[in-house]
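Text of protein18.cif, listed as mmCIF, C-alpha atoms:
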data_run
#
loop_
_atom_site.label_atom_id
_atom_site.label_comp_id
_atom_site.auth_asym_id
_atom_site.auth_seq_id
_atom_site.Cartn_x
_atom_site.Cartn_y
_atom_site.Cartn_z
CA MET E 1 -30.88 14.77 15.05
CA THR E 2 -27.40 15.56 13.75
CA THR E 3 -24.67 12.95 13.73
CA PRO E 4 -21.70 13.88 15.94
CA GLN E 5 -18.57 14.76 13.97
CA GLN E 6 -16.10 11.90 13.70
CA THR E 7 -12.39 12.45 13.22
CA ALA E 8 -10.11 9.93 11.56
CA LEU E 9 -6.38 10.07 12.20
CA ILE E 10 -4.72 8.66 9.07
CA VAL E 11 -1.22 7.58 10.02
CA GLY E 12 1.24 7.17 7.17
CA ALA E 13 -0.66 9.64 5.00
CA THR E 14 2.03 9.99 2.32
CA GLY E 15 2.07 6.25 1.60
CA VAL E 16 0.01 4.47 -1.02
CA VAL E 17 -2.70 3.32 1.44
CA GLY E 18 -2.60 6.31 3.75
CA GLN E 19 -2.89 8.86 0.96
CA ALA E 20 -5.97 7.13 -0.42
CA CYS E 21 -7.51 6.91 3.06
CA LEU E 22 -6.85 10.58 3.82
CA HIS E 23 -8.60 11.68 0.63
CA HIS E 24 -11.51 9.30 1.16
CA PHE E 25 -12.26 10.13 4.80
CA ALA E 26 -11.91 13.85 4.08
CA SER E 27 -14.64 13.51 1.45
CA LEU E 28 -17.16 11.74 3.70
CA PRO E 29 -20.07 13.68 5.24
CA GLY E 30 -19.85 13.85 9.01
CA TRP E 31 -16.10 13.17 9.04
CA SER E 32 -12.96 15.20 9.43
CA ALA E 33 -9.53 13.76 8.70
CA ILE E 34 -6.02 14.39 9.95
CA GLY E 35 -3.08 13.09 7.95
CA VAL E 36 0.05 12.15 9.88
CA ALA E 37 3.45 11.61 8.25
CA ARG E 38 7.12 12.31 8.81
CA ARG E 39 7.32 14.08 5.46
CA PRO E 40 5.37 17.30 4.77
CA ILE E 41 1.77 16.75 3.64
CA THR E 42 -0.41 18.87 1.41
CA PRO E 43 -3.83 17.79 2.71
CA PRO E 44 -6.89 17.61 0.48
CA PRO E 45 -9.89 19.88 1.16
CA GLY E 46 -11.51 18.96 4.46
CA ALA E 47 -8.34 17.50 5.97
CA GLN E 48 -5.60 18.70 8.29
CA ALA E 49 -1.92 17.78 8.27
CA LEU E 50 0.29 16.79 11.20
CA GLN E 51 3.99 16.29 10.57
CA LEU E 52 5.26 13.83 13.14
CA ASP E 53 8.13 11.37 13.54
CA LEU E 54 6.46 8.20 14.80
CA GLN E 55 9.74 6.92 16.23
CA ASP E 56 9.85 9.91 18.61
CA SER E 57 7.67 8.81 21.54
CA ALA E 58 7.89 12.18 23.30
CA ALA E 59 6.81 14.07 20.17
CA CYS E 60 3.89 11.67 19.66
CA ALA E 61 2.78 12.04 23.27
CA ALA E 62 2.91 15.82 23.00
CA ALA E 63 1.04 15.93 19.69
CA LEU E 64 -1.63 13.33 20.46
CA GLY E 65 -1.93 13.08 24.24
CA GLY E 66 -4.04 16.21 24.67
CA ARG E 67 -6.41 15.73 21.74
CA ASP E 68 -10.06 15.13 22.49
CA ASP E 69 -11.35 14.87 18.91
CA ILE E 70 -9.82 11.69 17.44
CA THR E 71 -12.45 8.96 17.29
CA HIS E 72 -10.84 6.63 14.73
CA VAL E 73 -7.32 5.67 13.70
CA VAL E 74 -6.33 4.17 10.36
CA TYR E 75 -2.74 3.08 10.83
CA ALA E 76 -1.04 2.65 7.44
CA ALA E 77 2.53 3.58 8.38
CA VAL E 78 5.38 1.14 7.93
CA TYR E 79 9.09 1.42 8.54
CA GLU E 80 11.32 -0.11 5.86
CA LYS E 81 15.09 0.02 6.12
CA PRO E 82 16.66 1.89 3.19
CA GLY E 83 17.82 -0.55 0.53
CA GLY E 84 16.51 -3.56 2.43
CA LEU E 85 12.91 -3.82 1.35
CA VAL E 86 12.41 -7.57 0.96
CA GLY E 87 15.26 -8.75 3.21
CA GLY E 88 14.19 -6.32 5.91
CA TRP E 89 10.84 -8.03 6.31
CA ARG E 90 12.60 -10.61 8.53
CA ASP E 91 14.83 -8.13 10.35
CA GLU E 92 14.26 -8.06 14.10
CA GLU E 93 15.20 -4.39 14.49
CA GLN E 94 12.76 -3.42 11.73
CA MET E 95 10.03 -5.40 13.48
CA GLN E 96 10.64 -3.66 16.79
CA VAL E 97 10.65 -0.21 15.17
CA ASN E 98 7.27 -0.94 13.58
CA LEU E 99 5.87 -2.05 16.92
CA ALA E 100 7.22 1.06 18.67
CA MET E 101 5.70 3.35 16.04
CA LEU E 102 2.23 1.89 16.57
CA ARG E 103 2.62 2.09 20.34
CA ASN E 104 3.65 5.74 20.09
CA VAL E 105 0.36 6.53 18.33
CA ILE E 106 -2.07 4.40 20.30
CA GLU E 107 -0.81 4.88 23.85
CA PRO E 108 -1.37 8.68 23.96
CA LEU E 109 -4.87 8.23 22.49
CA ASP E 110 -5.90 5.27 24.67
CA ARG E 111 -6.48 7.06 27.97
CA PRO E 112 -9.42 7.64 30.34
CA GLY E 113 -12.02 9.88 28.76
CA SER E 114 -10.64 9.44 25.26
CA PRO E 115 -13.24 9.48 22.45
CA LEU E 116 -11.31 6.76 20.60
CA ARG E 117 -13.71 4.17 19.17
CA HIS E 118 -11.90 2.22 16.48
CA VAL E 119 -8.42 1.39 15.18
CA THR E 120 -7.65 -0.19 11.81
CA ILE E 121 -4.21 -1.60 11.00
CA MET E 122 -2.73 -3.19 7.89
CA GLN E 123 -1.18 -6.60 7.46
CA GLY E 124 -1.03 -8.39 4.11
CA GLY E 125 0.03 -11.54 2.33
CA LYS E 126 3.11 -11.84 4.53
CA ALA E 127 0.73 -12.95 7.28
CA TYR E 128 0.50 -16.22 5.34
CA GLY E 129 4.24 -16.41 4.71
CA VAL E 130 4.10 -15.59 1.00
CA HIS E 131 7.58 -14.04 1.31
CA ILE E 132 9.20 -17.15 2.80
CA HIS E 133 7.24 -20.21 1.65
CA PRO E 134 7.58 -21.53 -1.89
CA GLU E 135 3.87 -22.34 -1.81
CA ILE E 136 0.85 -21.59 0.37
CA ALA E 137 -2.48 -23.37 0.37
CA VAL E 138 -5.10 -21.82 -1.90
CA PRO E 139 -6.99 -19.79 -0.94
CA ALA E 140 -5.49 -18.35 2.24
CA ARG E 141 -8.14 -17.80 4.90
CA GLU E 142 -8.27 -15.51 7.92
CA ARG E 143 -9.39 -18.32 10.23
CA TRP E 144 -6.15 -20.23 9.83
CA PRO E 145 -3.73 -20.34 12.77
CA ARG E 146 -0.88 -17.87 12.55
CA ASP E 147 1.86 -18.82 10.15
CA ARG E 148 4.82 -19.68 12.35
CA HIS E 149 7.38 -17.07 11.45
CA GLU E 150 8.53 -13.81 13.04
CA ASN E 151 6.66 -10.81 11.69
CA PHE E 152 5.94 -7.32 12.95
CA TYR E 153 2.30 -8.01 12.11
CA TRP E 154 2.07 -10.32 15.09
CA LEU E 155 3.81 -7.84 17.39
CA GLN E 156 1.40 -5.06 16.44
CA GLU E 157 -1.64 -7.32 16.61
CA ASP E 158 -0.74 -8.63 20.07
CA PHE E 159 -0.22 -5.09 21.29
CA LEU E 160 -3.64 -4.01 19.97
CA ARG E 161 -5.42 -7.03 21.42
CA GLU E 162 -3.86 -6.46 24.82
CA ARG E 163 -4.86 -2.77 24.88
CA GLN E 164 -8.33 -3.35 23.45
CA ALA E 165 -9.19 -6.02 26.01
CA ARG E 166 -9.32 -3.34 28.72
CA ALA E 167 -10.61 -0.45 26.61
CA GLY E 168 -13.86 0.70 25.08
CA TRP E 169 -12.68 0.79 21.45
CA HIS E 170 -12.48 -1.91 18.78
CA PHE E 171 -10.05 -2.76 16.02
CA THR E 172 -10.02 -4.22 12.52
CA ILE E 173 -7.08 -5.86 10.75
CA MET E 174 -6.97 -5.58 6.96
CA ARG E 175 -4.88 -7.93 4.86
CA PRO E 176 -4.70 -6.44 1.36
CA ARG E 177 -2.94 -8.16 -1.51
CA ILE E 178 -0.56 -6.29 -3.85
CA VAL E 179 -1.50 -2.61 -3.41
CA PHE E 180 -1.57 -0.16 -6.31
CA GLY E 181 -2.14 3.59 -6.11
CA GLU E 182 -0.73 6.97 -7.10
CA ALA E 183 1.46 7.85 -4.10
CA ALA E 184 4.92 8.96 -5.19
CA GLY E 185 7.95 7.87 -3.20
CA SER E 186 6.19 4.90 -1.61
CA ASN E 187 8.30 1.82 -0.95
CA MET E 188 5.51 -0.59 -1.87
CA ASN E 189 3.76 0.98 -4.84
CA PRO E 190 5.01 -0.33 -8.22
CA ILE E 191 3.03 2.15 -10.36
CA PRO E 192 5.55 5.05 -10.51
CA ALA E 193 8.45 2.65 -11.06
CA ILE E 194 6.69 0.93 -13.96
CA GLY E 195 5.84 4.31 -15.45
CA VAL E 196 9.46 5.46 -15.25
CA TYR E 197 10.70 2.19 -16.76
CA ALA E 198 8.27 2.63 -19.65
CA TRP E 199 9.36 6.18 -20.40
CA LEU E 200 13.04 5.37 -20.21
CA ARG E 201 12.41 2.78 -22.90
CA HIS E 202 10.25 5.18 -24.90
CA GLU E 203 13.05 7.72 -25.05
CA GLN E 204 15.36 5.01 -26.39
CA GLY E 205 12.86 4.09 -29.09
CA LEU E 206 12.20 0.71 -27.46
CA PRO E 207 8.85 -1.05 -26.96
CA LEU E 208 7.54 -1.84 -23.50
CA ALA E 209 9.04 -5.24 -22.70
CA TYR E 210 7.85 -7.19 -19.68
CA PRO E 211 10.84 -7.25 -17.29
CA GLY E 212 9.68 -9.89 -14.79
CA GLY E 213 10.06 -13.60 -14.31
CA PRO E 214 7.70 -16.55 -14.77
CA ALA E 215 3.92 -16.21 -14.69
CA ARG E 216 1.98 -16.54 -11.46
CA VAL E 217 -1.73 -16.22 -10.76
CA ASN E 218 -2.07 -13.42 -8.23
CA GLN E 219 -4.40 -10.75 -6.84
CA ALA E 220 -4.26 -6.98 -6.59
CA ILE E 221 -6.02 -4.36 -4.49
CA ASP E 222 -6.76 -0.78 -5.46
CA ALA E 223 -5.68 1.70 -2.76
CA GLU E 224 -9.00 3.53 -3.03
CA LEU E 225 -10.81 0.25 -2.43
CA ILE E 226 -8.80 -0.18 0.77
CA ALA E 227 -9.91 3.31 1.81
CA GLN E 228 -13.55 2.40 1.23
CA ALA E 229 -13.10 -0.77 3.27
CA CYS E 230 -11.52 1.19 6.12
CA ALA E 231 -14.45 3.62 6.18
CA TRP E 232 -16.86 0.66 6.27
CA ALA E 233 -14.90 -1.02 9.08
CA ALA E 234 -14.87 2.20 11.10
CA GLU E 235 -18.62 2.01 11.60
CA SER E 236 -19.73 -1.58 10.98
CA PRO E 237 -20.37 -3.79 14.03
CA ASN E 238 -19.45 -6.74 11.80
CA ALA E 239 -15.87 -5.46 11.58
CA ARG E 240 -15.21 -5.20 15.30
CA ASN E 241 -12.10 -7.12 16.35
CA GLU E 242 -12.05 -8.98 13.04
CA THR E 243 -9.41 -9.72 10.41
CA PHE E 244 -10.24 -9.46 6.69
CA ASN E 245 -8.45 -10.36 3.49
CA LEU E 246 -8.97 -7.70 0.85
CA GLU E 247 -8.52 -7.80 -2.94
CA ASN E 248 -10.09 -6.38 -6.10
CA GLY E 249 -12.43 -9.32 -6.68
CA ASP E 250 -10.60 -10.97 -9.58
CA VAL E 251 -7.19 -12.49 -10.31
CA PHE E 252 -4.44 -11.43 -12.69
CA VAL E 253 -1.20 -12.56 -14.29
CA TRP E 254 1.38 -9.88 -14.98
CA GLN E 255 2.02 -11.08 -18.53
CA ASN E 256 -1.70 -10.93 -19.28
CA VAL E 257 -2.20 -7.37 -18.03
CA TRP E 258 1.02 -6.08 -19.61
CA PRO E 259 -0.73 -5.20 -22.91
CA VAL E 260 -3.22 -3.09 -20.92
CA ILE E 261 -0.36 -1.31 -19.14
CA ALA E 262 1.40 -0.66 -22.46
CA ASP E 263 -1.80 0.73 -23.98
CA ALA E 264 -2.45 2.97 -20.96
CA LEU E 265 1.05 4.40 -21.33
CA GLY E 266 0.70 4.73 -25.11
CA MET E 267 3.49 2.31 -25.95
CA PRO E 268 3.79 -0.74 -28.19
CA MET E 269 4.42 -4.13 -26.63
CA GLY E 270 7.77 -5.81 -26.94
CA ASP E 271 9.06 -9.30 -26.30
CA PRO E 272 9.84 -10.07 -22.64
CA GLU E 273 13.26 -8.90 -21.43
CA PRO E 274 13.88 -10.23 -17.90
CA GLN E 275 15.78 -7.69 -15.83
CA SER E 276 15.90 -6.22 -12.35
CA LEU E 277 14.19 -2.83 -12.17
CA GLY E 278 15.57 -2.46 -8.67
CA GLU E 279 19.10 -2.57 -10.09
CA SER E 280 18.60 -0.73 -13.37
CA LEU E 281 16.30 2.19 -12.54
CA PRO E 282 18.39 3.87 -9.82
CA ARG E 283 21.19 4.25 -12.38
CA GLN E 284 18.96 6.33 -14.67
CA GLN E 285 18.89 9.60 -12.71
CA GLN E 286 20.19 11.76 -15.56
CA ALA E 287 17.91 10.10 -18.13
CA TRP E 288 14.93 10.75 -15.85
CA GLU E 289 15.91 14.42 -15.46
CA ARG E 290 15.92 14.75 -19.25
CA ILE E 291 12.39 13.30 -19.39
CA VAL E 292 11.18 15.68 -16.67
CA ASP E 293 12.65 18.65 -18.55
CA LYS E 294 11.59 17.58 -22.03
CA TYR E 295 7.94 17.04 -21.10
CA ARG E 296 7.83 19.75 -18.39
CA LEU E 297 6.62 17.34 -15.77
CA ASP E 298 5.69 18.21 -12.21
CA ALA E 299 7.33 14.98 -11.01
CA PRO E 300 10.35 15.14 -8.69
CA ARG E 301 13.66 15.43 -10.55
CA ASP E 302 15.10 13.12 -7.90
CA LEU E 303 14.20 9.73 -9.37
CA MET E 304 14.28 7.85 -6.06
CA ALA E 305 12.05 10.48 -4.46
CA PHE E 306 9.50 9.59 -7.12
CA ILE E 307 9.70 5.78 -7.08
CA GLY E 308 10.95 5.05 -3.55
CA GLN E 309 11.78 1.34 -3.33
CA GLY E 310 8.95 0.61 -5.74
CA ALA E 311 11.31 -0.85 -8.35
CA THR E 312 12.61 -3.43 -5.87
CA TYR E 313 9.04 -4.16 -4.84
CA ALA E 314 8.10 -4.61 -8.52
CA ASP E 315 10.94 -7.14 -8.90
CA PHE E 316 9.53 -9.14 -5.99
CA GLN E 317 5.96 -9.04 -7.24
CA MET E 318 6.93 -9.80 -10.86
CA ASN E 319 8.99 -12.82 -9.73
CA HIS E 320 12.32 -11.54 -11.00
CA GLY E 321 15.01 -14.22 -10.85
CA LYS E 322 12.62 -17.05 -10.03
CA GLN E 323 12.13 -20.28 -11.92
CA GLY E 324 8.69 -21.48 -12.98
CA PRO E 325 6.18 -22.86 -12.82
CA LEU E 326 5.09 -20.90 -9.77
CA PRO E 327 2.07 -21.80 -7.61
CA PRO E 328 -0.72 -19.21 -7.33
CA VAL E 329 -0.92 -16.81 -4.39
CA LEU E 330 -4.60 -16.29 -3.65
CA MET E 331 -6.46 -15.08 -0.57
CA SER E 332 -10.15 -15.64 0.01
CA SER E 333 -12.19 -12.45 0.38
CA VAL E 334 -15.42 -14.29 1.24
CA LYS E 335 -15.32 -13.22 4.89
CA ILE E 336 -15.37 -9.46 4.28
CA ARG E 337 -18.11 -9.84 1.65
CA GLN E 338 -20.28 -11.83 4.01
CA ALA E 339 -19.65 -9.18 6.67
CA GLY E 340 -21.08 -6.50 4.40
CA PHE E 341 -18.30 -4.97 2.28
CA ALA E 342 -18.77 -5.99 -1.35
CA ALA E 343 -17.09 -3.27 -3.42
CA CYS E 344 -14.78 -4.42 -6.21
CA ILE E 345 -12.89 -3.20 -9.28
CA ASP E 346 -11.62 -4.88 -12.44
CA THR E 347 -7.82 -5.07 -12.13
CA GLU E 348 -7.26 -3.99 -15.76
CA ASP E 349 -9.43 -0.92 -15.11
CA MET E 350 -7.37 -0.26 -11.98
CA PHE E 351 -4.12 -0.15 -13.94
CA ARG E 352 -5.62 2.22 -16.49
CA LYS E 353 -6.92 4.45 -13.71
CA TRP E 354 -3.64 4.80 -11.85
CA PHE E 355 -1.44 5.43 -14.88
CA GLY E 356 -4.07 7.88 -16.10
CA ARG E 357 -4.03 9.64 -12.73
CA LEU E 358 -0.25 10.08 -12.84
CA GLN E 359 -0.56 11.46 -16.36
CA GLN E 360 -3.32 13.88 -15.31
CA ARG E 361 -1.09 15.15 -12.50
CA ARG E 362 1.77 15.59 -14.98
CA LEU E 363 3.93 13.11 -13.11
CA LEU E 364 4.27 11.05 -16.30
CA PRO E 365 3.94 12.11 -19.93
CA THR E 366 0.60 11.30 -21.54
CA ALA E 367 -0.23 8.40 -23.82
CA GLU E 368 -0.76 10.92 -26.62
CA GLN E 369 2.78 12.22 -26.16
CA ALA E 370 4.06 8.65 -26.28
CA ARG E 371 2.29 8.00 -29.58
CA ALA E 372 3.35 11.32 -31.14
#
Please go through the file and, once you have read it, give me the structure as C-alpha cells.
Amino acid sequence: MTTPQQTALIVGATGVVGQACLHHFASLPGWSAIGVARRPITPPPGAQALQLDLQDSAACAAALGGRDDITHVVYAAVYEKPGGLVGGWRDEEQMQVNLAMLRNVIEPLDRPGSPLRHVTIMQGGKAYGVHIHPEIAVPARERWPRDRHENFYWLQEDFLRERQARAGWHFTIMRPRIVFGEAAGSNMNPIPAIGVYAWLRHEQGLPLAYPGGPARVNQAIDAELIAQACAWAAESPNARNETFNLENGDVFVWQNVWPVIADALGMPMGDPEPQSLGESLPRQQQAWERIVDKYRLDAPRDLMAFIGQGATYADFQMNHGKQGPLPPVLMSSVKIRQAGFAACIDTEDMFRKWFGRLQQRRLLPTAEQARA
C-alpha cells in the first residue's frame, strides 16, 4: 500500500526557520513542499514557490482558497516593523498585523472538504516574558499559566484554538530558544551579522573581539533541528494540540563559545570590546562592498539585505548595554523528549556548521582566506 502524498505549506520560507523547514520537508519521502514568502524564493529540488503578501487577505484567499492539496501548514512568518525589532515586540499594531497574517493563511484552507490535517506555529522565549522581566524562573515550562503580558503569540494561539475546536485538524506550538541558521536578510538570525562584523575587523587588521555585555547562561536552537521537530509534529499523535519548548540540548555562554566562532571564521581572538552592532554595522556599507568585491562573494552588496535586523537582534541576545550579573534564561525541553522527539546538536558544532555553510555558499570569505 502506498502512502498518500502529503503537502506542507511552509509560510515565511525566506526566514531562518522557514528556509530550513522548506528544505527539510522537500527532502522527505512522501512529501511535497510549497514555500510561501513576500520576497521571491528559489525553491530547493522537490519544492514549489508561491510569492504572496500575507497582509493582503484577498490575495491569500485567491491563492489558497481553491487548493485541495495542502495537508499541513508550518507557519514561520513574522512581521517586524523596520528599525523597531525589540521595541516592536510590545507594539499593538505589530501584534494585530501578525494575527491578521495567520488568519489570512488559515481561513482559506480551513473550509469544508479541505484536506488540512495539521498546523504548526512558532512562539519562543517571549512567551515567558524574557524580553520584559529581569528574571524568569528556571527552567521555564510549557505547563505554566500564560505570562501576563500582551503578545501576538496569545492572539495567534487563541485564533488557532478557536478554529481547531470545530475542525478536523490539529495544531502544535513550538517555542524555540535563540534560533541560528543560514538565512540571509532575516531579522532574527545573528549569524550573517556576526560574520560581517568579523570580516570588517579582519580587513582592519583587528582580532575578533566579543562585542556584547555581561555573561548569561542561555540556550540555542539550530534551525534544521526546528525543521526536524516540525516534521515529527506533523505526524505524531503525541504532538496534537500541544506546546513544546525546543533547544539544542545543552547550554551556552556567548563568551565561552566566542573562541569557537573565531576559529570557524579563521580569526584570532581579541579582548572584549563592548559595542552595539546594531548601531555600528549599518554604517559600514562601503566597507562591506569592498569585501564583496575583494573576495568575489555571492553575498548581496546591500549590507542590510544580507543581515536584516540581525545586528540589533545580536545586541539583544548578547546583552549589550546591560549590567551583570544576569540570571540564566533556560527552558525545559523534557516535554518534547518524553513525547518522542529526542534529536539534539552540540551548540559549538552548530556555530561551526552555520559559518561553514555561509563560507561554502560564498556569502562570507573562508577561514583559509582569513588566515592567509
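Residue nearest Asn256 (chain E) within the list E:Arg103, E:His202, E:Gly308, E:Glu348: E:Glu348 [criterion: smallest interatomic distance, only C-alpha atoms].
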Next on the checklist: the PyMOL selection byres ((chain E and resi 144-158) around 8) - which residues does that actually catch in the file I just gave you? List them as a ChimeraX atom specification.
Outcome noted: /E:89-90,94-96,98-99,102,123,127-129,140-143,159-162
Next on the checklist: Could you list, as a count of residues only, every residue matched by the PyMOL selection byres ((chain E and resi 249) around 7) in this structure?
Outcome noted: 5
Checklist entry - Expanded to explicit residues, what is the PyMOL selection byres ((chain E and resi 329) around 9) for this file, as JSON, numbers by chain? => result {"E": [125, 130, 135, 136, 137, 138, 139, 140, 216, 217, 218, 219, 327, 328, 330, 331]}
Next on the checklist: Report, in Å with one decimal, the straight-line distance from CA of Pro190 (chain E) to CA of Ala314 (chain E).
Outcome noted: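 Separation of CA of Pro190 (chain E) and CA of Ala314 (chain E): 5.3 Å.
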Checklist entry - Near Val105 (chain E), within 10 Å and counting all atoms listed in the file, which residues show up once chain neighbours fewer than 3 positions away are dropped, as a PyMOL selection string? => result chain E and resi 9+11+54-55+57+60-61+63-65+73+75+100-102+108-110
Next on the checklist: If we count all atoms listed in the file and set the cut-off at 12 Å, which residues sit around Asn238 (chain E), ignoring sequence neighbours fewer than 3 positions away in its own chain? Please answer as a ChimeraX atom specification.
Outcome noted: /E:170-172,232-235,241-244,335-341
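Counting only C-alpha atoms and comparing E:Ala231, E:Glu224, E:Tyr197, E:Arg67, the residue that lies closest to Trp31 (chain E) is E:Ala231.
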Item to check | Distance criterion (all atoms listed in the file): nearest to Met318 (chain E) out of E:Gly12, E:Gly278, E:Ala49, E:Arg290 | outcome: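 Checking each candidate against Met318 (chain E), we get E:Gly278 as the closest.
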Item to check | Å distance separating CA of Asp349 (chain E) from CA of Gln204 (chain E), one decimal place | outcome: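 Here the two named atoms are 27.9 Å from each other.
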